[in-house]
file entry.cif (mmCIF, C-alpha atoms)
data_data
loop_
_atom_site.label_atom_id
_atom_site.label_comp_id
_atom_site.auth_asym_id
_atom_site.auth_seq_id
_atom_site.Cartn_x
_atom_site.Cartn_y
_atom_site.Cartn_z
CA MET A 202 213.61 149.01 117.72
CA LYS A 203 213.88 150.94 114.47
CA ASN A 204 210.22 150.43 113.55
CA LEU A 205 209.20 151.60 117.00
CA LEU A 206 211.39 154.69 116.79
CA ASP A 207 210.31 155.61 113.27
CA ARG A 208 206.68 155.15 114.19
CA PHE A 209 206.99 157.39 117.24
CA LEU A 210 208.93 160.12 115.41
CA GLY A 211 206.26 160.22 112.72
CA TYR A 212 203.49 160.67 115.27
CA VAL A 213 205.09 163.43 117.32
CA LYS A 214 205.65 165.59 114.25
CA ILE A 215 201.87 165.84 113.76
CA ASP A 216 200.38 168.59 115.93
CA THR A 217 197.43 167.20 117.92
CA GLN A 218 197.14 169.75 120.73
CA SER A 219 193.68 169.67 122.29
CA ASP A 220 191.67 172.83 123.00
CA PRO A 221 189.84 173.11 126.36
CA SER A 222 187.75 176.06 125.11
CA SER A 223 186.23 174.02 122.28
CA LYS A 224 182.90 172.22 122.62
CA THR A 225 183.51 169.77 119.78
CA THR A 226 184.96 166.26 119.87
CA PRO A 227 187.76 166.17 118.97
CA SER A 228 188.34 169.61 120.42
CA SER A 229 190.76 170.57 117.65
CA GLU A 230 190.41 169.81 113.96
CA LYS A 231 194.10 168.97 113.66
CA GLN A 232 193.66 165.84 115.76
CA TRP A 233 191.97 164.29 112.75
CA TYR A 234 195.24 164.20 110.79
CA LEU A 235 196.86 161.70 113.12
CA ALA A 236 193.58 159.87 113.83
CA ASN A 237 193.05 159.06 110.17
CA GLU A 238 196.68 158.05 109.77
CA LEU A 239 196.43 155.69 112.74
CA ALA A 240 193.30 154.03 111.42
CA GLU A 241 195.03 153.44 108.08
CA GLU A 242 198.13 152.09 109.78
CA LEU A 243 196.13 149.61 111.86
CA GLU A 244 194.63 148.24 108.67
CA ASN A 245 198.02 148.08 106.98
CA ILE A 246 199.60 145.94 109.71
CA GLY A 247 196.69 143.48 109.52
CA MET A 248 194.33 144.50 112.32
CA GLU A 249 190.66 143.73 111.76
CA GLU A 250 187.40 145.58 112.48
CA VAL A 251 189.20 148.92 112.25
CA THR A 252 186.75 151.77 112.84
CA ILE A 253 186.98 155.51 113.32
CA ASP A 254 183.78 157.23 114.38
CA ASP A 255 182.48 160.79 113.95
CA ASN A 256 184.37 161.91 117.06
CA ALA A 257 187.72 160.37 115.99
CA TYR A 258 187.61 157.42 118.40
CA ILE A 259 189.54 154.55 116.85
CA MET A 260 189.00 150.87 117.59
CA ALA A 261 190.52 147.73 116.09
CA THR A 262 190.71 143.99 116.74
CA LEU A 263 193.41 141.38 116.74
CA PRO A 264 191.40 138.13 116.59
CA SER A 265 192.11 135.28 118.97
CA ASN A 266 194.42 132.52 117.83
CA SER A 267 193.86 130.45 120.96
CA ASP A 268 192.24 127.01 121.08
CA ILE A 269 190.54 127.81 124.38
CA PRO A 270 188.01 130.55 125.27
CA VAL A 271 189.97 133.34 126.96
CA PRO A 272 189.04 136.85 128.15
CA THR A 273 188.97 139.71 125.67
CA ILE A 274 191.38 142.44 126.75
CA GLY A 275 192.11 145.91 125.46
CA PHE A 276 194.90 148.47 125.24
CA ILE A 277 194.10 152.19 125.09
CA SER A 278 196.10 155.38 124.50
CA HIS A 279 195.31 158.96 123.49
CA PHE A 280 196.65 160.89 120.54
CA ASP A 281 196.07 164.48 121.67
CA THR A 282 198.79 166.49 123.41
CA SER A 283 198.52 168.93 126.28
CA PRO A 284 197.33 172.51 125.76
CA ASP A 285 199.82 173.57 128.46
CA PHE A 286 202.68 173.91 125.97
CA THR A 287 202.91 174.16 122.21
CA GLY A 288 202.99 171.00 120.11
CA THR A 289 203.49 172.81 116.79
CA ASP A 290 206.58 171.96 114.72
CA VAL A 291 207.94 169.32 117.08
CA ASN A 292 211.55 168.63 116.10
CA PRO A 293 212.77 165.64 118.15
CA GLN A 294 216.44 165.10 118.84
CA ILE A 295 218.00 161.63 119.11
CA ILE A 296 220.76 161.22 121.70
CA GLU A 297 222.44 157.86 121.19
CA ASP A 298 224.53 156.22 123.93
CA TYR A 299 223.70 158.98 126.43
CA ASP A 300 226.80 159.76 128.51
CA GLY A 301 225.08 161.08 131.65
CA GLY A 302 225.93 164.73 131.03
CA ASP A 303 223.99 167.85 130.11
CA ILE A 304 221.95 167.76 126.90
CA VAL A 305 221.75 171.09 125.09
CA LEU A 306 218.26 171.32 123.70
CA ASN A 307 218.57 174.83 122.33
CA ALA A 308 221.96 176.54 122.34
CA LEU A 309 220.58 179.90 121.23
CA GLU A 310 218.16 180.07 124.16
CA ASN A 311 220.51 178.23 126.55
CA ILE A 312 217.89 175.55 127.24
CA VAL A 313 219.62 172.54 128.80
CA LEU A 314 218.27 169.20 129.97
CA SER A 315 220.55 168.50 132.89
CA PRO A 316 220.80 165.60 135.36
CA SER A 317 221.73 168.17 138.00
CA TYR A 318 218.05 169.16 137.95
CA PHE A 319 216.40 166.11 136.36
CA ASP A 320 218.31 163.35 138.15
CA ASP A 321 216.18 160.61 136.55
CA LEU A 322 218.35 161.07 133.47
CA LEU A 323 221.20 159.22 135.15
CA ARG A 324 219.18 155.99 135.06
CA TYR A 325 219.49 155.98 131.30
CA LYS A 326 223.24 156.26 130.72
CA GLY A 327 224.17 154.28 127.63
CA GLN A 328 220.64 154.37 126.24
CA THR A 329 219.06 156.24 123.35
CA LEU A 330 217.09 159.31 124.44
CA ILE A 331 214.52 161.19 122.41
CA THR A 332 214.22 164.85 123.47
CA THR A 333 212.70 168.10 122.27
CA ASP A 334 214.65 170.92 120.65
CA GLY A 335 213.65 173.22 123.51
CA ASN A 336 210.82 174.94 121.62
CA THR A 337 207.93 172.51 122.05
CA LEU A 338 206.80 169.57 124.10
CA LEU A 339 207.67 166.15 122.69
CA GLY A 340 204.31 164.40 122.73
CA ALA A 341 205.40 161.14 124.33
CA ASP A 342 202.24 161.65 126.39
CA ASP A 343 200.75 159.69 124.82
CA LYS A 344 202.05 159.08 121.32
CA ALA A 345 204.61 156.77 122.89
CA GLY A 346 201.73 154.62 124.15
CA ILE A 347 200.20 154.49 120.68
CA ALA A 348 203.52 153.55 119.07
CA GLU A 349 204.02 150.83 121.66
CA ILE A 350 200.55 149.34 121.24
CA ILE A 351 200.75 149.25 117.44
CA THR A 352 204.26 147.80 117.52
CA ALA A 353 203.13 145.11 119.96
CA MET A 354 200.15 144.21 117.76
CA GLU A 355 202.41 144.03 114.73
CA TYR A 356 204.75 141.70 116.64
CA LEU A 357 201.88 139.39 117.59
CA ILE A 358 200.66 139.33 113.99
CA ASP A 359 204.18 138.42 112.82
CA HIS A 360 204.56 135.75 115.53
CA PRO A 361 201.42 133.58 115.44
CA GLU A 362 203.17 131.00 117.64
CA ILE A 363 202.32 133.30 120.58
CA LYS A 364 198.82 132.24 121.59
CA HIS A 365 196.46 134.97 122.72
CA GLY A 366 192.79 135.76 123.00
CA LYS A 367 190.87 138.51 121.25
CA ILE A 368 192.62 141.84 121.71
CA ARG A 369 190.96 145.21 121.27
CA VAL A 370 192.85 148.45 120.66
CA GLY A 371 191.42 151.92 121.28
CA PHE A 372 192.84 155.39 120.61
CA THR A 373 191.09 158.48 121.91
CA PRO A 374 191.16 162.27 121.45
CA ASP A 375 191.07 164.93 124.17
CA GLU A 376 192.39 162.98 127.14
CA GLU A 377 194.55 165.95 128.12
CA ILE A 378 191.48 168.09 128.72
CA GLY A 379 189.65 165.39 130.68
CA ARG A 380 187.29 164.33 127.89
CA GLY A 381 189.08 161.33 126.44
CA ALA A 382 186.54 158.80 127.64
CA HIS A 383 183.40 160.92 127.27
CA GLN A 384 182.41 159.48 123.89
CA PHE A 385 184.12 156.10 124.30
CA ASN A 386 181.69 153.26 123.51
CA VAL A 387 182.53 150.63 126.13
CA GLU A 388 179.90 148.23 124.83
CA LYS A 389 181.25 148.44 121.30
CA PHE A 390 184.81 147.98 122.57
CA GLY A 391 183.67 144.71 124.11
CA ALA A 392 186.63 143.95 126.37
CA ASP A 393 186.47 142.27 129.76
CA TRP A 394 189.11 144.68 130.96
CA ALA A 395 191.78 146.94 129.47
CA TYR A 396 195.03 148.77 130.19
CA THR A 397 195.85 152.35 129.34
CA ILE A 398 199.45 152.69 128.19
CA ASP A 399 199.81 156.21 129.52
CA GLY A 400 202.19 156.15 132.49
CA SER A 401 205.61 157.67 132.91
CA GLU A 402 208.85 155.90 133.84
CA VAL A 403 209.52 152.27 133.01
CA GLY A 404 207.85 149.93 135.52
CA GLU A 405 204.93 152.13 136.53
CA LEU A 406 201.75 150.17 137.22
CA GLU A 407 198.90 152.19 138.63
CA TYR A 408 195.35 151.43 139.67
CA GLU A 409 194.74 154.40 141.96
CA ASN A 410 194.26 157.99 140.83
CA PHE A 411 192.94 161.27 142.12
CA ASN A 412 189.31 162.10 142.60
CA ALA A 413 189.08 165.24 140.50
CA ALA A 414 186.94 168.35 140.15
CA LYS A 415 187.32 171.74 138.55
CA ALA A 416 186.07 175.04 139.89
CA LYS A 417 185.45 178.42 138.27
CA VAL A 418 185.09 181.52 140.41
CA SER A 419 183.63 184.70 138.88
CA ILE A 420 183.61 187.94 140.86
CA LYS A 421 181.61 191.06 139.94
CA GLY A 422 183.09 194.31 141.15
CA LYS A 423 182.12 197.97 140.99
CA SER A 424 184.52 200.58 139.67
CA VAL A 425 184.51 204.00 141.29
CA HIS A 426 187.07 206.81 141.15
CA PRO A 427 189.66 205.74 143.75
CA GLY A 428 189.66 209.19 145.34
CA TYR A 429 185.98 208.85 146.17
CA ALA A 430 185.70 205.10 146.56
CA LYS A 431 185.07 204.69 150.27
CA ASN A 432 182.07 202.39 150.86
CA LYS A 433 181.40 202.39 147.12
CA MET A 434 184.17 200.55 145.23
CA VAL A 435 184.10 196.75 145.02
CA ASN A 436 187.49 195.64 143.70
CA ALA A 437 187.08 192.23 142.07
CA ILE A 438 190.84 191.70 141.94
CA SER A 439 191.19 192.28 145.68
CA ILE A 440 188.37 189.86 146.42
CA ALA A 441 189.94 187.22 144.21
CA THR A 442 193.20 187.67 146.10
CA GLU A 443 191.38 187.38 149.41
CA PHE A 444 189.63 184.19 148.28
CA LEU A 445 192.88 182.57 147.20
CA GLY A 446 194.61 183.72 150.38
CA ILE A 447 192.22 181.62 152.48
CA LEU A 448 193.21 178.39 150.71
CA PRO A 449 195.85 176.43 152.65
CA PRO A 450 199.20 177.48 151.11
CA GLU A 451 200.83 174.11 151.78
CA GLU A 452 198.19 172.25 149.75
CA THR A 453 199.47 173.06 146.28
CA PRO A 454 201.08 170.79 143.66
CA GLN A 455 204.56 172.05 144.45
CA ASN A 456 204.16 171.19 148.14
CA THR A 457 202.50 167.75 147.95
CA GLU A 458 203.36 164.21 146.90
CA GLY A 459 202.12 160.61 147.08
CA ARG A 460 198.47 160.51 148.11
CA GLN A 461 198.38 164.10 149.32
CA GLY A 462 195.72 166.22 147.64
CA PHE A 463 195.86 169.83 146.54
CA PHE A 464 194.21 172.93 145.11
CA HIS A 465 195.80 174.24 141.91
CA VAL A 466 194.99 177.64 140.41
CA HIS A 467 195.84 177.52 136.72
CA HIS A 468 194.10 180.56 135.18
CA LEU A 469 193.44 184.03 136.57
CA LYS A 470 192.41 187.28 134.94
CA GLY A 471 190.81 190.39 136.28
CA SER A 472 189.97 194.04 136.52
CA ILE A 473 188.16 196.07 139.14
CA GLU A 474 184.80 195.27 137.53
CA MET A 475 185.34 191.55 136.91
CA ALA A 476 187.79 188.88 138.02
CA GLU A 477 187.82 185.19 137.21
CA PHE A 478 190.03 182.30 138.16
CA GLU A 479 189.92 178.57 137.60
CA LEU A 480 191.37 175.85 139.76
CA ILE A 481 191.41 172.10 140.01
CA ILE A 482 190.75 170.05 143.14
CA ARG A 483 192.52 166.72 143.62
CA ASP A 484 192.54 164.08 146.36
CA HIS A 485 192.91 160.30 146.41
CA ASP A 486 190.66 160.02 149.47
CA LYS A 487 186.98 160.49 148.56
CA ALA A 488 186.00 161.98 151.94
CA GLN A 489 188.84 164.51 151.83
CA PHE A 490 187.92 165.30 148.23
CA GLU A 491 184.41 166.21 149.35
CA GLU A 492 185.84 168.34 152.19
CA ARG A 493 187.92 170.29 149.69
CA LYS A 494 184.82 171.17 147.69
CA LYS A 495 183.03 172.17 150.88
CA LEU A 496 185.90 174.50 151.76
CA LEU A 497 185.53 176.36 148.46
CA ILE A 498 181.80 176.69 149.04
CA ALA A 499 182.40 177.98 152.58
CA ILE A 500 184.89 180.60 151.37
CA ALA A 501 182.49 181.78 148.67
CA ASP A 502 179.62 181.97 151.19
CA LYS A 503 181.74 183.94 153.65
CA LEU A 504 182.88 186.48 151.07
CA ASN A 505 179.43 186.75 149.52
CA HIS A 506 178.05 187.62 152.94
CA TYR A 507 180.64 190.36 153.35
CA TYR A 508 180.64 191.65 149.75
CA ASN A 509 176.93 191.42 148.96
CA ASN A 510 176.82 188.26 146.81
CA CYS A 511 179.41 189.27 144.24
CA ILE A 512 180.90 185.76 143.81
CA ASP A 513 179.64 182.96 141.59
CA LEU A 514 181.24 179.55 142.22
CA GLN A 515 180.78 176.61 139.86
CA ILE A 516 182.23 173.21 140.80
CA THR A 517 182.16 170.28 138.39
CA ASP A 518 183.34 166.75 139.17
CA GLN A 519 185.66 165.37 136.48
CA TYR A 520 186.56 161.79 137.46
CA TYR A 521 186.98 159.52 140.48
CA ASN A 522 189.57 157.16 141.93
CA MET A 523 189.45 153.95 139.90
CA LYS A 524 190.73 151.94 142.87
CA ALA A 525 187.13 151.22 143.88
CA LYS A 526 186.46 149.59 140.50
CA VAL A 527 189.79 147.78 140.02
CA GLU A 528 190.28 146.24 143.45
CA PRO A 529 187.36 143.78 142.99
CA VAL A 530 189.17 142.43 139.88
CA TYR A 531 192.69 142.83 141.20
CA HIS A 532 193.91 139.87 139.20
CA ILE A 533 194.17 142.19 136.19
CA VAL A 534 196.83 144.18 138.08
CA GLU A 535 198.60 140.93 139.03
CA ILE A 536 198.72 139.89 135.36
CA ALA A 537 200.44 143.16 134.44
CA ARG A 538 202.86 142.77 137.36
CA GLU A 539 203.67 139.20 136.29
CA ALA A 540 204.21 140.36 132.70
CA MET A 541 206.64 143.07 133.78
CA GLU A 542 208.67 140.70 135.90
CA ALA A 543 208.77 138.15 133.07
CA VAL A 544 210.43 140.67 130.72
CA GLY A 545 212.86 142.05 133.29
CA VAL A 546 210.98 145.13 134.43
CA LYS A 547 210.65 145.89 138.13
CA PRO A 548 207.02 146.89 138.81
CA ILE A 549 206.49 150.23 140.52
CA ILE A 550 202.96 150.06 141.92
CA LYS A 551 201.91 153.50 143.10
CA PRO A 552 199.02 155.96 142.88
CA ILE A 553 198.78 158.29 139.89
CA ARG A 554 199.04 161.95 140.75
CA GLY A 555 196.69 162.72 137.91
CA GLY A 556 194.16 160.88 135.83
CA THR A 557 193.92 158.79 132.69
CA ASP A 558 191.15 157.70 130.40
CA GLY A 559 191.18 154.55 132.50
CA SER A 560 189.82 156.31 135.58
CA GLN A 561 186.64 157.26 133.73
CA LEU A 562 186.45 154.01 131.79
CA SER A 563 186.61 152.02 135.03
CA TYR A 564 183.43 153.77 136.18
CA MET A 565 181.87 153.11 132.77
CA GLY A 566 182.24 149.36 133.29
CA LEU A 567 185.71 148.76 131.80
CA PRO A 568 188.28 148.22 134.60
CA CYS A 569 191.42 149.83 133.30
CA PRO A 570 194.74 150.05 135.21
CA ASN A 571 197.53 152.20 133.81
CA ILE A 572 200.91 150.96 132.55
CA PHE A 573 204.07 152.95 131.80
CA ALA A 574 204.77 154.40 128.39
CA GLY A 575 208.30 155.40 129.41
CA GLY A 576 208.46 159.20 129.20
CA HIS A 577 209.53 161.90 131.63
CA ASN A 578 208.77 165.61 132.18
CA PHE A 579 205.53 165.56 130.20
CA HIS A 580 203.82 168.74 128.94
CA GLY A 581 206.90 170.86 128.48
CA LYS A 582 210.17 171.51 126.68
CA TYR A 583 212.18 169.22 128.99
CA GLU A 584 210.17 166.15 128.00
CA TYR A 585 212.19 163.11 126.98
CA ILE A 586 211.79 159.36 126.58
CA PRO A 587 214.35 156.51 126.41
CA LEU A 588 213.85 154.27 123.40
CA GLU A 589 214.71 151.24 125.55
CA SER A 590 211.81 152.08 127.90
CA MET A 591 209.46 152.16 124.93
CA GLN A 592 210.68 148.73 123.85
CA LYS A 593 210.07 147.41 127.37
CA ALA A 594 206.49 148.68 127.14
CA VAL A 595 206.09 146.75 123.89
CA ASP A 596 207.46 143.64 125.59
CA VAL A 597 205.04 144.03 128.52
CA ILE A 598 202.03 144.39 126.21
CA VAL A 599 203.01 141.27 124.28
CA LYS A 600 203.57 139.31 127.49
CA ILE A 601 200.21 140.39 128.95
CA CYS A 602 198.51 139.09 125.81
CA GLU A 603 200.41 135.82 126.12
CA LEU A 604 199.59 135.38 129.83
CA VAL A 605 195.91 136.12 129.34
CA GLY A 606 195.92 133.67 126.42
CA GLN A 607 196.75 130.94 128.91
CA LYS A 608 193.73 131.67 131.12
CA THR A 609 190.37 130.04 130.46
CA LYS A 610 187.51 132.52 130.39
CA GLU A 611 185.21 131.95 133.37
#

call {"tool": "encode", "arguments": {"input": "entry.cif", "output": "structure tokens"}}
result
Amino acid sequence: MKNLLDRFLGYVKIDTQSDPSSKTTPSSEKQWYLANELAEELENIGMEEVTIDDNAYIMATLPSNSDIPVPTIGFISHFDTSPDFTGTDVNPQIIEDYDGGDIVLNALENIVLSPSYFDDLLRYKGQTLITTDGNTLLGADDKAGIAEIITAMEYLIDHPEIKHGKIRVGFTPDEEIGRGAHQFNVEKFGADWAYTIDGSEVGELEYENFNAAKAKVSIKGKSVHPGYAKNKMVNAISIATEFLGILPPEETPQNTEGRQGFFHVHHLKGSIEMAEFELIIRDHDKAQFEERKKLLIAIADKLNHYYNNCIDLQITDQYYNMKAKVEPVYHIVEIAREAMEAVGVKPIIKPIRGGTDGSQLSYMGLPCPNIFAGGHNFHGKYEYIPLESMQKAVDVIVKICELVGQKTKE
């Protein structure tokens, strides 16, 4: 596992935080540093047809060594990290033979990763954990996936006795800001189907995700001296508060689970003259998803009627539930399930409470379920990943390639 660990540690130390305010692809110039390094590494391990385009999308091929025509499959991960928390100067800590107790991430700031709060930690007693130092995120989402894919390809190259078909690898920028698949060339990739290696705990296998939209609400107010404001002042902050107060309080991320949808306000700023807030809309059920958007429109219409059209609402769909595109080819989920069981991993088939590149790629003609990468507590200072979970992901990728290599292409 040393190659896997060294590979991962090298990746996470390169800052690749994406920037949602940018209009370029990749959204941050610093993503190029890791992108170029990955392209070079793919060539060094013996991958063929390695390309990196003008938007930093990387593709590579492991040619078939099978005597029969078999499907071409792909594995995809993203190299950007979330803008929600800093990814600058990541300093990972290695906890060998974890004893099940508290892990002090930062003694000075009293930042502790504790199983009393994060009880998943107790599953990994005796294993090697990779954590943050309490100052940054770790970047296992999704540099773990990249390390696992490259390590699996290297293993297949070193073990030609394992028969497999043509395998395509793809690494993308900007997944964390919902744009990872926007410039992905599905035709060039040329796979019959693919898997994103972008899930969380060991065993996750997902082919359902949220339908997703984002909304921006802008409110124009009118500032008047408060002592003489009656029938004159329009307080944009108050209207924003009123708007948000109409949303169902139980339908927020902290109050929902499973297939339950939500509204999530993630940015808000304001003054009397102008207030703005942004929120995301999520629901697995397409009809309920549409009802959520209608509710926002109804609230805006109601307040515009009362406050003389001071509200501008913009709603943009982001991605849809890939279940509709994967179910017709459900055998690709069964192959992943069979691969997990063959290497001693219990499959956890459940809906994603989020999205991956695979959700968009599925609607672009590349069915793409999601497989675990092994990490926990993504996007923050409590992020960690067991090295043994990463190795299991490598084993699953290799076994999928082997199983598909036994299937004649129809």

call {"tool": "closest_residue", "arguments": {"input": "entry.cif", "among": "A:Ser219, A:Asn578, A:Asn245, A:Asn432", "to": "Thr332 in chain A", "atoms": "only C-alpha atoms"}}
result
A:Asn578

call {"tool": "resolve_selection", "arguments": {"input": "entry.cif", "expression": "the PyMOL selection byres ((chain A and resi 409-426) around 8)", "output": "ChimeraX atom specification"}}
result
/A:407-408,427-430,433-437,440-441,462,473-487,490,511-524,551-556,560

call {"tool": "residues_around", "arguments": {"input": "entry.cif", "residues": "Pro548 in chain A", "least_positions_apart": "5", "cutoff": "8 Å", "atoms": "only C-alpha atoms", "output": "count of residues only"}}
result
6

call {"tool": "residues_around", "arguments": {"input": "entry.cif", "residues": "range 388-395 of chain A", "least_positions_apart": "4", "cutoff": "8 Å", "atoms": "all atoms listed in the file", "output": "PyMOL selection string"}}
result
chain A and resi 260+272-277+368-369+371+533+567-570

call {"tool": "write_last_selection", "arguments": {"input": "entry.cif", "atoms": "C-alpha atoms", "output": "short mmCIF file (atom, residue, chain, number, x, y, z; two decimals), in the coordinates of the input"}}
result
data_model
loop_
_atom_site.label_atom_id
_atom_site.label_comp_id
_atom_site.auth_asym_id
_atom_site.auth_seq_id
_atom_site.Cartn_x
_atom_site.Cartn_y
_atom_site.Cartn_z
CA MET A 260 189.00 150.87 117.59
CA PRO A 272 189.04 136.85 128.15
CA THR A 273 188.97 139.71 125.67
CA ILE A 274 191.38 142.44 126.75
CA GLY A 275 192.11 145.91 125.46
CA PHE A 276 194.90 148.47 125.24
CA ILE A 277 194.10 152.19 125.09
CA ILE A 368 192.62 141.84 121.71
CA ARG A 369 190.96 145.21 121.27
CA GLY A 371 191.42 151.92 121.28
CA ILE A 533 194.17 142.19 136.19
CA LEU A 567 185.71 148.76 131.80
CA PRO A 568 188.28 148.22 134.60
CA CYS A 569 191.42 149.83 133.30
CA PRO A 570 194.74 150.05 135.21
#

call {"tool": "closest_residue", "arguments": {"input": "entry.cif", "among": "A:Leu357, A:Ile269, A:Val403, A:Ile378", "to": "Gly545 in chain A", "atoms": "all atoms listed in the file"}}
result
A:Val403

call {"tool": "resolve_selection", "arguments": {"input": "entry.cif", "expression": "the PyMOL selection byres ((chain A and resi 326) around 7)", "output": "list in words"}}
result
Asp298, Tyr299, Asp300, Gly301, Leu323, Arg324, Tyr325, Gly327 and Gln328 of chain A

call {"tool": "resolve_selection", "arguments": {"input": "entry.cif", "expression": "the PyMOL selection byres ((chain A and resi 365) around 8)", "output": "PyMOL selection string"}}
result
chain A and resi 265-267+271+363-364+366-368+602-607

call {"tool": "residues_near_point", "arguments": {"input": "entry.cif", "point": "(211.7, 161.1, 126.8)", "cutoff": "10 Å", "atoms": "all atoms listed in the file", "output": "short mmCIF file (atom, residue, chain, number, x, y, z; two decimals) with C-alpha atoms, keeping the file's coordinate frame"}}
result
data_model
loop_
_atom_site.label_atom_id
_atom_site.label_comp_id
_atom_site.auth_asym_id
_atom_site.auth_seq_id
_atom_site.Cartn_x
_atom_site.Cartn_y
_atom_site.Cartn_z
CA PRO A 293 212.77 165.64 118.15
CA ILE A 295 218.00 161.63 119.11
CA LEU A 322 218.35 161.07 133.47
CA THR A 329 219.06 156.24 123.35
CA LEU A 330 217.09 159.31 124.44
CA ILE A 331 214.52 161.19 122.41
CA THR A 332 214.22 164.85 123.47
CA THR A 333 212.70 168.10 122.27
CA LEU A 339 207.67 166.15 122.69
CA GLY A 340 204.31 164.40 122.73
CA ALA A 341 205.40 161.14 124.33
CA ASP A 342 202.24 161.65 126.39
CA ALA A 345 204.61 156.77 122.89
CA SER A 401 205.61 157.67 132.91
CA GLU A 402 208.85 155.90 133.84
CA ALA A 574 204.77 154.40 128.39
CA GLY A 575 208.30 155.40 129.41
CA GLY A 576 208.46 159.20 129.20
CA HIS A 577 209.53 161.90 131.63
CA ASN A 578 208.77 165.61 132.18
CA PHE A 579 205.53 165.56 130.20
CA TYR A 583 212.18 169.22 128.99
CA GLU A 584 210.17 166.15 128.00
CA TYR A 585 212.19 163.11 126.98
CA ILE A 586 211.79 159.36 126.58
CA PRO A 587 214.35 156.51 126.41
CA LEU A 588 213.85 154.27 123.40
CA SER A 590 211.81 152.08 127.90
CA MET A 591 209.46 152.16 124.93
#

call {"tool": "atom_distance", "arguments": {"input": "entry.cif", "atom1": "CA of Leu306 in chain A", "atom2": "CA of Asp334 in chain A"}}
result
4.7 Å

call {"tool": "residues_around", "arguments": {"input": "entry.cif", "residues": "Ile598 in chain A", "least_positions_apart": "2", "cutoff": "9 Å", "atoms": "only C-alpha atoms", "output": "PDB file with C-alpha atoms, keeping the file's coordinate frame"}}
result
ATOM      1  CA  PHE A 276     194.900 148.470 125.240  1.00  0.00           C
ATOM      2  CA  GLU A 349     204.020 150.830 121.660  1.00  0.00           C
ATOM      3  CA  ILE A 350     200.550 149.340 121.240  1.00  0.00           C
ATOM      4  CA  ALA A 353     203.130 145.110 119.960  1.00  0.00           C
ATOM      5  CA  MET A 354     200.150 144.210 117.760  1.00  0.00           C
ATOM      6  CA  ILE A 398     199.450 152.690 128.190  1.00  0.00           C
ATOM      7  CA  ALA A 537     200.440 143.160 134.440  1.00  0.00           C
ATOM      8  CA  ALA A 540     204.210 140.360 132.700  1.00  0.00           C
ATOM      9  CA  MET A 541     206.640 143.070 133.780  1.00  0.00           C
ATOM     10  CA  LYS A 593     210.070 147.410 127.370  1.00  0.00           C
ATOM     11  CA  ALA A 594     206.490 148.680 127.140  1.00  0.00           C
ATOM     12  CA  VAL A 595     206.090 146.750 123.890  1.00  0.00           C
ATOM     13  CA  ASP A 596     207.460 143.640 125.590  1.00  0.00           C
ATOM     14  CA  LYS A 600     203.570 139.310 127.490  1.00  0.00           C
ATOM     15  CA  ILE A 601     200.210 140.390 128.950  1.00  0.00           C
ATOM     16  CA  CYS A 602     198.510 139.090 125.810  1.00  0.00           C
ATOM     17  CA  GLU A 603     200.410 135.820 126.120  1.00  0.00           C
TER      18      GLU A 603
END

call {"tool": "residues_around", "arguments": {"input": "entry.cif", "residues": "Thr557 in chain A", "least_positions_apart": "4", "cutoff": "8 Å", "atoms": "all atoms listed in the file", "output": "PyMOL selection string"}}
result
chain A and resi 376+397+399+561+571

call {"tool": "atom_distance", "arguments": {"input": "entry.cif", "atom1": "CA of Met202 in chain A", "atom2": "CA of His580 in chain A"}}
result
24.7 Å

call {"tool": "atom_distance", "arguments": {"input": "entry.cif", "atom1": "CA of Glu451 in chain A", "atom2": "CA of Lys503 in chain A"}}
result
21.6 Å

call {"tool": "closest_residue", "arguments": {"input": "entry.cif", "among": "A:Ile550, A:Leu504, A:Glu297, A:Leu205", "to": "Glu535 in chain A", "atoms": "only C-alpha atoms"}}
result
A:Ile550

call {"tool": "closest_residue", "arguments": {"input": "entry.cif", "among": "A:Asp254, A:Leu235, A:Ser439, A:Thr289", "to": "Gly471 in chain A", "atoms": "all atoms listed in the file"}}
result
A:Ser439

call {"tool": "residues_near_point", "arguments": {"input": "entry.cif", "point": "(201.8, 174.5, 116.3)", "cutoff": "10 Å", "atoms": "all atoms listed in the file", "output": "VMD selection string"}}
result
chain A and resid 214 to 218 231 286 to 291 337

call {"tool": "write_last_selection", "arguments": {"input": "entry.cif", "atoms": "C-alpha atoms", "output": "PDB file, in the coordinates of the input"}}
result
ATOM      1  CA  LYS A 214     205.650 165.590 114.250  1.00  0.00           C
ATOM      2  CA  ILE A 215     201.870 165.840 113.760  1.00  0.00           C
ATOM      3  CA  ASP A 216     200.380 168.590 115.930  1.00  0.00           C
ATOM      4  CA  THR A 217     197.430 167.200 117.920  1.00  0.00           C
ATOM      5  CA  GLN A 218     197.140 169.750 120.730  1.00  0.00           C
ATOM      6  CA  LYS A 231     194.100 168.970 113.660  1.00  0.00           C
ATOM      7  CA  PHE A 286     202.680 173.910 125.970  1.00  0.00           C
ATOM      8  CA  THR A 287     202.910 174.160 122.210  1.00  0.00           C
ATOM      9  CA  GLY A 288     202.990 171.000 120.110  1.00  0.00           C
ATOM     10  CA  THR A 289     203.490 172.810 116.790  1.00  0.00           C
ATOM     11  CA  ASP A 290     206.580 171.960 114.720  1.00  0.00           C
ATOM     12  CA  VAL A 291     207.940 169.320 117.080  1.00  0.00           C
ATOM     13  CA  THR A 337     207.930 172.510 122.050  1.00  0.00           C
TER      14      THR A 337
END

call {"tool": "residues_around", "arguments": {"input": "entry.cif", "residues": "His383 in chain A", "least_positions_apart": "5", "cutoff": "10 Å", "atoms": "only C-alpha atoms", "output": "PyMOL selection string"}}
result
chain A and resi 226+373-376+558+561-562+565
